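This is coords-v4.csv (CSV, C-alpha atoms).
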chain,number,residue,atom,x,y,z
A,1,MET,CA,30.8,-64.1,-30.4
A,2,ASP,CA,28.3,-66.5,-31.9
A,3,TRP,CA,28.3,-68.4,-28.5
A,4,TRP,CA,27.4,-65.1,-26.7
A,5,LYS,CA,24.6,-64.3,-29.1
A,6,ALA,CA,23.2,-67.9,-28.7
A,7,THR,CA,23.5,-67.6,-24.9
A,8,VAL,CA,21.7,-64.3,-24.9
A,9,SER,CA,19.0,-65.7,-27.2
A,10,VAL,CA,18.4,-68.7,-24.9
A,11,VAL,CA,18.2,-66.4,-21.9
A,12,ASN,CA,15.8,-64.1,-23.6
A,13,GLN,CA,13.6,-67.0,-24.7
A,14,THR,CA,13.6,-68.4,-21.2
A,15,ILE,CA,12.7,-64.9,-19.8
A,16,GLU,CA,9.9,-64.5,-22.3
A,17,GLU,CA,8.4,-67.9,-21.4
A,18,THR,CA,8.7,-67.2,-17.7
A,19,THR,CA,7.1,-63.8,-18.2
A,20,LYS,CA,4.2,-65.4,-19.9
A,21,GLN,CA,3.8,-67.8,-17.1
A,22,LEU,CA,4.0,-65.0,-14.5
A,23,ALA,CA,1.5,-62.9,-16.5
A,24,GLU,CA,-1.1,-65.7,-16.3
A,25,TYR,CA,-1.7,-64.8,-12.7
A,26,SER,CA,-4.5,-62.4,-12.1
A,27,PRO,CA,-2.9,-58.9,-12.0
A,28,LEU,CA,-3.9,-56.9,-8.9
A,29,PRO,CA,-1.1,-54.4,-8.4
A,30,ASN,CA,-3.1,-51.8,-6.5
A,31,GLN,CA,-5.0,-54.2,-4.2
A,32,HIS,CA,-4.4,-53.6,-0.4
A,33,VAL,CA,-2.2,-56.3,1.1
A,34,GLU,CA,-3.3,-57.4,4.5
A,35,GLU,CA,-0.8,-57.3,7.3
A,36,GLU,CA,-1.7,-60.7,8.7
A,37,GLU,CA,0.8,-63.5,8.7
A,38,GLU,CA,-0.9,-65.8,6.3
A,39,GLU,CA,0.8,-68.6,4.4
A,40,LEU,CA,2.1,-67.3,1.1
A,41,ASP,CA,1.8,-69.1,-2.3
A,42,ILE,CA,5.3,-68.0,-3.0
A,43,PRO,CA,7.0,-69.2,0.2
A,44,ILE,CA,9.7,-67.4,2.1
A,45,ASN,CA,12.1,-69.6,4.0
A,46,ASN,CA,15.6,-69.1,5.4
A,47,GLU,CA,17.3,-70.3,2.2
A,48,LEU,CA,15.4,-67.8,0.1
A,49,LYS,CA,16.2,-65.0,2.6
A,50,GLU,CA,19.9,-65.8,2.5
A,51,TYR,CA,19.8,-65.9,-1.3
A,52,VAL,CA,18.0,-62.5,-1.5
A,53,LYS,CA,20.5,-61.0,0.9
A,54,GLN,CA,23.3,-62.2,-1.5
A,55,LEU,CA,21.5,-60.7,-4.5
A,56,THR,CA,21.3,-57.3,-2.8
A,57,ASP,CA,25.1,-57.3,-2.5
A,58,HIS,CA,25.3,-57.1,-6.3
A,59,PRO,CA,23.0,-54.4,-7.7
A,60,ASP,CA,24.5,-55.0,-11.1
A,61,THR,CA,22.6,-58.3,-11.1
A,62,PHE,CA,19.4,-56.2,-11.5
A,63,LEU,CA,20.9,-53.4,-13.6
A,64,LYS,CA,22.6,-55.6,-16.2
A,65,PHE,CA,20.1,-58.5,-16.3
A,66,PRO,CA,19.5,-59.4,-19.9
A,67,TYR,CA,15.8,-59.3,-20.6
A,68,ASP,CA,13.4,-58.0,-23.2
A,69,LYS,CA,12.6,-54.5,-22.1
A,70,SER,CA,9.2,-54.7,-23.7
A,71,ALA,CA,8.3,-57.6,-21.3
A,72,THR,CA,8.0,-55.1,-18.5
A,73,ASN,CA,5.1,-53.4,-20.2
A,74,GLU,CA,3.1,-56.6,-20.0
A,75,PHE,CA,4.3,-57.6,-16.5
A,76,GLN,CA,2.0,-56.9,-13.6
A,77,LEU,CA,2.4,-58.4,-10.1
A,78,SER,CA,-0.3,-60.8,-9.1
A,79,ASN,CA,-1.9,-60.5,-5.7
A,80,ASP,CA,0.4,-63.4,-4.5
A,81,GLN,CA,3.4,-61.6,-5.8
A,82,VAL,CA,2.4,-58.4,-4.1
A,83,LYS,CA,2.1,-60.3,-0.8
A,84,HIS,CA,5.4,-62.0,-1.3
A,85,ALA,CA,7.2,-58.7,-2.2
A,86,THR,CA,5.7,-56.9,0.8
A,87,ARG,CA,6.8,-59.6,3.2
A,88,ILE,CA,10.2,-60.2,1.7
A,89,MET,CA,11.1,-56.5,1.9
A,90,LYS,CA,10.1,-56.6,5.6
A,91,GLU,CA,12.1,-59.8,6.3
A,92,VAL,CA,15.1,-58.8,4.2
A,93,PRO,CA,15.5,-55.0,4.6
A,94,GLN,CA,18.5,-55.1,2.3
A,95,LEU,CA,16.1,-55.8,-0.6
A,96,ALA,CA,13.9,-52.8,0.4
A,97,ASN,CA,17.1,-50.6,0.4
A,98,LEU,CA,18.1,-51.9,-3.0
A,99,HIS,CA,14.6,-51.3,-4.3
A,100,TYR,CA,14.7,-47.8,-3.0
A,101,LYS,CA,18.1,-47.1,-4.6
A,102,LEU,CA,17.1,-48.5,-8.0
A,103,CYS,CA,13.5,-47.6,-8.5
A,104,PRO,CA,12.4,-45.5,-10.3
A,105,GLY,CA,15.7,-43.6,-11.0
A,106,LYS,CA,17.7,-46.4,-12.5
A,107,MET,CA,15.0,-48.9,-13.5
A,108,LYS,CA,11.3,-49.3,-13.7
A,109,GLU,CA,9.4,-50.8,-10.8
A,110,GLU,CA,8.0,-53.5,-13.1
A,111,ALA,CA,11.5,-54.4,-14.3
A,112,PHE,CA,12.8,-54.7,-10.8
A,113,TRP,CA,10.1,-57.2,-9.8
A,114,LEU,CA,10.2,-59.1,-13.0
A,115,ILE,CA,13.9,-59.7,-12.5
A,116,TYR,CA,13.5,-60.5,-8.8
A,117,PHE,CA,10.9,-63.2,-9.5
A,118,LEU,CA,12.9,-64.6,-12.3
A,119,LEU,CA,16.0,-64.8,-10.1
A,120,ILE,CA,14.2,-66.5,-7.2
A,121,LEU,CA,12.2,-68.9,-9.5
A,122,ASN,CA,14.6,-71.8,-8.8
A,123,LYS,CA,14.4,-71.2,-5.1
A,124,THR,CA,10.6,-71.1,-4.9
A,125,GLN,CA,9.4,-73.8,-7.3
A,126,PRO,CA,9.4,-77.4,-5.9
A,127,THR,CA,11.9,-79.7,-7.4
A,128,ALA,CA,10.9,-82.9,-9.2
A,129,THR,CA,11.9,-84.8,-6.1
A,130,GLN,CA,9.6,-82.7,-3.9
A,131,LYS,CA,6.8,-83.1,-6.4
A,132,ASN,CA,7.2,-86.9,-6.4
A,133,LYS,CA,7.2,-87.0,-2.6
A,134,ASN,CA,4.0,-84.9,-2.4
A,135,SER,CA,2.3,-87.0,-5.1
A,136,SER,CA,3.2,-90.3,-3.4
A,137,LYS,CA,1.8,-89.0,-0.1
A,138,ASN,CA,-1.5,-88.2,-1.8
A,139,VAL,CA,-1.7,-91.6,-3.4
A,140,GLY,CA,-1.6,-93.4,-0.1
A,141,ALA,CA,-4.2,-91.0,1.5

Rewrite the structure of this file - the entire thing - as structure tokens.
Amino acid sequence: MDWWKATVSVVNQTIEETTKQLAEYSPLPNQHVEEEEEELDIPINNELKEYVKQLTDHPDTFLKFPYDKSATNEFQLSNDQVKHATRIMKEVPQLANLHYKLCPGKMKEEAFWLIYFLLILNKTQPTATQKNKNSSKNVGA
């Protein structure tokens, strides 16, 4: 039982830290998102689309995700996150369907997107190897 409490504590701490990082972005939840196909700061590639499709097969991933419920009160989507969310729901309609089924009846909108962005974090952030490749390219330029 102590192992479980320690695990939940570590997960909650990680979520709190990530929530703080996500909250640093400028919150613009009601801003109109343009329909043009611009490059996103949070990229959508085939690997991410497949991962998101797999997530939608398991709604309990969202419903039973361990997180600090008070974190959703502070979480607001940034403009980049709104653009990403709009595009990913178009490109992966299963996510739009899951969103429709869960929000607002079973969970808050903010909670859904907080969990979504936490779940995709490892798929959207460059790895250390990718960062090193990019920095070595810039050194020779």

**Message:** Residues near Trp113 of chain A, anyone? I mean within 10 Å using all atoms listed in the file, not counting same-chain ones fewer than 6 positions away, as a list in words.
**Reply:** Phe62, Thr72, Phe75, Gln76, Leu77, Gln81, Val82, Ala85, His99 and Leu119 of chain A

**Message:** I'd like to know which of A:Ile42, A:Asp80, A:Tyr67, A:Tyr116 is closest to Leu98 of chain A, using all atoms listed in the file.
**Reply:**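 Ranked by minimum distance to Leu98 of chain A, first place goes to A:Tyr116.
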
**Message:** Give me the residues near Ile115 of chain A as a ChimeraX atom specification, where near means some atom within 10 Å (using only C-alpha atoms) and where sequence neighbours in that chain fewer than 2 positions away do not count.
**Reply:** /A:15,19,61-63,65-67,72,110-113,117-121

**Neighbour residues at most 10 Å from (20.0, -46.5, -12.9) (all atoms listed in the file) as a list in words** =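 Checked against the point, the hits come out as Pro59, Asp60, Phe62, Leu63, Lys101, Leu102, Cys103, Pro104, Gly105, Lys106, Met107 and Lys108 of chain A.
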
**Request:** In Å, rounded to a single decimal, give me how far atom CA of Thr124 of chain A is from atom CA of Pro43 of chain A.
**Result:** 6.5 Å

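The shortest atom-to-atom distance to Lys83 of chain A, with only C-alpha atoms taken into account, belongs to A:Ile44 out of A:Asn122, A:Glu109, A:Ile44, A:Asp68.
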
**Point-to-point distance from atom CA of Val52 of chain A to atom CA of Glu39 of chain A, Å rounded to tenths** =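 Computing it gives 19.2 Å between the two atoms.
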
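Note that atom CA of Pro93 of chain A and atom CA of Lys53 of chain A are 8.6 Å apart.
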